[in-house]
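K.L.:
Here you go, one structure.
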Amino acid sequence: MHTYKRRWLYAIKYDLLRGEHRKSKSALRSAVITAVFLLTTCTLMLYAFPSSLCQMEKKLRDYGKFSEPLIIAITPSYRRPTRFADMTRLANTLHLIPHLYWIVIEDGNNTVPYVEAILRRSTKPYTYIKSPTPDGYPGKGWFQRSVALQYLRNNSARLLENYLSGIVYFVDDDNAYDIRVFTDYVRNVKKLGMWAVGLAGGLPVEFPIAVNGIVIGYHAWKAKNRTFAVDMAGFAVHLDVILSSTAIIGKQCNQRLGPETCLLEDLGLTMEDIEVFGEGGEKGQQEILVWHTKTSDVNFQESQVANLPYVFETKAVHRKQNTETKSTYIPLLQKSLKRILESWRAVQF
């Protein structure tokens with residue numbers, strides 16, 4: 001009796017184990033089939049729909065990034081007595097602008113510790129590079145802006161790590177800026193944006209003249225001779241335009257027409273690309289949000305500041321020499337031209 005009972009229990013246990021084994025084999029078979037199916041499907045999609053997969057990957061990569069564009073402010077700077085005051089004022093302005101990266105290019109053989117201290121206090125992420133102007137550049141800050149453009153092309157992926165796009169704006173250290181030029185104008189540039197600049201070009205204000213949103217001319221210095229008669233503070237360019245070109249402000253640019261036209265033309269831009277900001281209001285009531293101001297030029301000898309207990313800059317030596325050379329040779333040139341003119345008149349009569 002016990003023997004039959006034991007055999008019966010063993011038989012039941014065997015059937016149960018065999019059933020579990022069959023279920024396990026069935027589950028394993030299903031998992032293998034599913035894996036093969038998914039692998040085959042993904043492989044076929046990779047070859048059949050590569051663009052769709054790229055778009056999906058891009059969307060996943062962009063998820064969580066800021067939708068607001070990153071403003072990239074480029075500032076050329078050089079040694080002078082008023083520089084610390086100018087940079088302090090500018091840093092206080094940029095401190096108020098969210099989503100901004102500041103690139104400062106020093107026209108000198110070394111960066112200046114106190115300038116970097118100002119940059120740190122601004123609380124903005126920044127890059128501070130030394131890059132002295134080589135011989136042959138006709139304008140102040142031209143080479144430094146070009147260095148910044150090259151830096152952007154080499155480092156754009158890192159700068160835009162948390163952003164979908166960026167806007168490039170040239171910010172001189174001695175200008176005066178309303179924060180709305182950044183938040184209302186620069187931030188909304190789609191390709192090339194322009195606006196009015198006060199005290200620029202020897203005029204009360206320079207500005208693009210637009211009809212129905214289309215620029216037909218400029219109220220500006222040498223407006224008839226310049227495709228883009230605008231001050232550096234009066235425009236911003238989308239970063240995509242910069243990255244799709246190798247354009248810089250080179251030695252070949254015509255100093256008489258300014259670097260703005262040279263750069264914007266080399267970027268492949270036209271007047272049709274311009275989007276005007278800040279125009280269209282009531283006459284006499286439109287606001288100027290950026291001013292081409294200049295701090296009064298002063299100079300001190302090294303001996304006057306050597307023993308001061310405060311941080312202070314004098315003019316760079318090479319700039320002083322250039323100024324002296326200019327002041328020496330211009331009168332000589334004027335005298336020579338006067339003599340030539342007098343000789344020509346004598347021959348005529």
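In the structure tokens, the first chain shown is A, the next is B, and so on; residue numbers restart at 1 for each chain, and ligands run from 1 in the order shown.
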DSSP on the backbone, alpha helix (DSSP H) only: what residues of segment 184-296 of chain A does that give? Format it as an mmCIF file with N, CA and C atoms, in the first residue's frame.

P.N.:
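And here is the file that came out, out-v7.cif:
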```cif
data_model
loop_
_atom_site.group_PDB
_atom_site.id
_atom_site.type_symbol
_atom_site.label_atom_id
_atom_site.label_comp_id
_atom_site.auth_asym_id
_atom_site.auth_seq_id
_atom_site.Cartn_x
_atom_site.Cartn_y
_atom_site.Cartn_z
ATOM 1 N N LEU A 239 24.011 81.962 -34.577
ATOM 2 C CA LEU A 239 25.243 81.172 -34.551
ATOM 3 C C LEU A 239 25.353 80.234 -35.752
ATOM 4 N N ASP A 240 24.229 79.735 -36.256
ATOM 5 C CA ASP A 240 24.273 78.839 -37.418
ATOM 6 C C ASP A 240 24.929 79.511 -38.618
ATOM 7 N N VAL A 241 24.713 80.821 -38.767
ATOM 8 C CA VAL A 241 25.330 81.568 -39.877
ATOM 9 C C VAL A 241 26.844 81.597 -39.697
ATOM 10 N N ILE A 242 27.289 81.808 -38.467
ATOM 11 C CA ILE A 242 28.728 81.834 -38.180
ATOM 12 C C ILE A 242 29.353 80.471 -38.453
ATOM 13 N N LEU A 243 28.695 79.414 -38.009
ATOM 14 C CA LEU A 243 29.258 78.067 -38.126
ATOM 15 C C LEU A 243 29.269 77.553 -39.557
ATOM 16 N N PRO A 259 34.415 97.497 -40.595
ATOM 17 C CA PRO A 259 34.459 96.027 -40.606
ATOM 18 C C PRO A 259 33.093 95.360 -40.710
ATOM 19 N N GLU A 260 32.030 96.110 -40.422
ATOM 20 C CA GLU A 260 30.700 95.497 -40.375
ATOM 21 C C GLU A 260 30.272 94.953 -41.739
ATOM 22 N N THR A 261 30.368 95.816 -42.769
ATOM 23 C CA THR A 261 29.985 95.386 -44.115
ATOM 24 C C THR A 261 30.849 94.229 -44.581
ATOM 25 N N CYS A 262 32.143 94.322 -44.325
ATOM 26 C CA CYS A 262 33.076 93.271 -44.733
ATOM 27 C C CYS A 262 32.673 91.921 -44.135
ATOM 28 N N LEU A 263 32.412 91.890 -42.842
ATOM 29 C CA LEU A 263 32.072 90.639 -42.177
ATOM 30 C C LEU A 263 30.730 90.091 -42.652
ATOM 31 N N LEU A 264 29.707 90.938 -42.679
ATOM 32 C CA LEU A 264 28.367 90.463 -43.017
ATOM 33 C C LEU A 264 28.284 89.989 -44.463
ATOM 34 N N GLU A 265 28.985 90.661 -45.369
ATOM 35 C CA GLU A 265 29.015 90.196 -46.756
ATOM 36 C C GLU A 265 29.736 88.857 -46.867
ATOM 37 N N ASP A 266 30.860 88.718 -46.163
ATOM 38 C CA ASP A 266 31.609 87.458 -46.208
ATOM 39 C C ASP A 266 30.830 86.306 -45.575
#
```

K.L.:
May I have all residues of segment 75-178 of chain A that DSSP, computed from the backbone, assigns to strand (DSSP E), given as a PyMOL selection string?

P.N.:
chain A and resi 75-77+100-106+126-130+166-170+176-177

K.L.:
Which residues are near segment 135-142 of chain A? Cut-off 12 Å, only C-alpha atoms, ignore same chain within fewer than 5 positions. Put them as a count of residues only.

P.N.:
36

K.L.:
May I ask which of the residues A:Arg153, A:His99, A:Lys224, A:His219 is the closest one to Val186 of chain A, counting only C-alpha atoms?

P.N.:
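Selected residue with least distance to Val186 of chain A: A:His99.
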
K.L.:
Using atom CA of Asn154 of chain A and atom CA of Thr246 of chain A as the two end points, give the distance in Å to one decimal.

P.N.:
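For atom CA of Asn154 of chain A relative to atom CA of Thr246 of chain A, the distance reads 11.3 Å.
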
K.L.:
Give me the residues within 10 Å of Tyr177 of chain A as a list of chain:residue names, counting only C-alpha atoms and dropping any in the same chain fewer than 3 places off.

P.N.:
A:Arg89, A:Leu90, A:Thr93, A:Leu94, A:Val171, A:Asp172, A:Asp174, A:Arg180, A:Val181, A:Phe182, A:Val197, A:Ala233, A:Ile288, A:Leu289, A:Val290, A:Trp291, A:His292, A:Thr293

K.L.:
Given only C-alpha atoms as the basis, pick out the residue of A:Arg120, A:Lys294, A:Arg29, A:Arg79 nearest to Ala176 of chain A.

P.N.:
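Distance minimum relative to Ala176 of chain A lands on A:Lys294.
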
K.L.:
Using only C-alpha atoms, which protein or nucleic acid residues come within 10 Å of segment 299-313 of chain A? Drop anything in the same chain fewer than 6 positions from it, and give the result as a VMD selection string.

P.N.:
chain A and resid 79 to 84 112 114 320

K.L.:
Could you dump the residues just selected with N, CA and C atoms as a CSV table (one decimal), in the first residue's frame?

P.N.:
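That gives us part.csv:
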```csv
chain,number,residue,atom,x,y,z
A,79,ARG,N,44.4,97.4,-22.9
A,79,ARG,CA,44.9,98.1,-21.7
A,79,ARG,C,44.7,99.6,-21.9
A,80,ARG,N,44.1,100.3,-20.9
A,80,ARG,CA,44.0,101.7,-20.8
A,80,ARG,C,43.5,102.1,-19.4
A,81,PRO,N,43.7,103.4,-19.0
A,81,PRO,CA,43.3,103.8,-17.7
A,81,PRO,C,41.8,103.7,-17.4
A,82,THR,N,41.0,103.8,-18.4
A,82,THR,CA,39.5,103.7,-18.1
A,82,THR,C,38.9,102.3,-18.3
A,83,ARG,N,39.8,101.4,-18.6
A,83,ARG,CA,39.3,100.0,-18.9
A,83,ARG,C,38.6,99.3,-17.8
A,84,PHE,N,39.1,99.4,-16.6
A,84,PHE,CA,38.5,98.8,-15.4
A,84,PHE,C,37.1,99.4,-15.1
A,112,VAL,N,44.9,89.9,-18.0
A,112,VAL,CA,45.1,90.8,-16.9
A,112,VAL,C,44.3,90.2,-15.7
A,114,TYR,N,43.1,91.5,-13.0
A,114,TYR,CA,41.9,92.2,-12.5
A,114,TYR,C,40.8,92.2,-13.4
A,320,LYS,N,50.7,103.8,-27.3
A,320,LYS,CA,51.3,105.1,-27.1
A,320,LYS,C,52.2,105.4,-28.2
```

K.L.:
So how many Å separate atom CA of Arg121 of chain A and atom CA of Leu96 of chain A, to one decimal?

P.N.:
12.1 Å

K.L.:
Would you work out the distance separating atom CA of His95 of chain A from atom CA of Leu70 of chain A, expressed in Å to one decimal?

P.N.:
14.2 Å
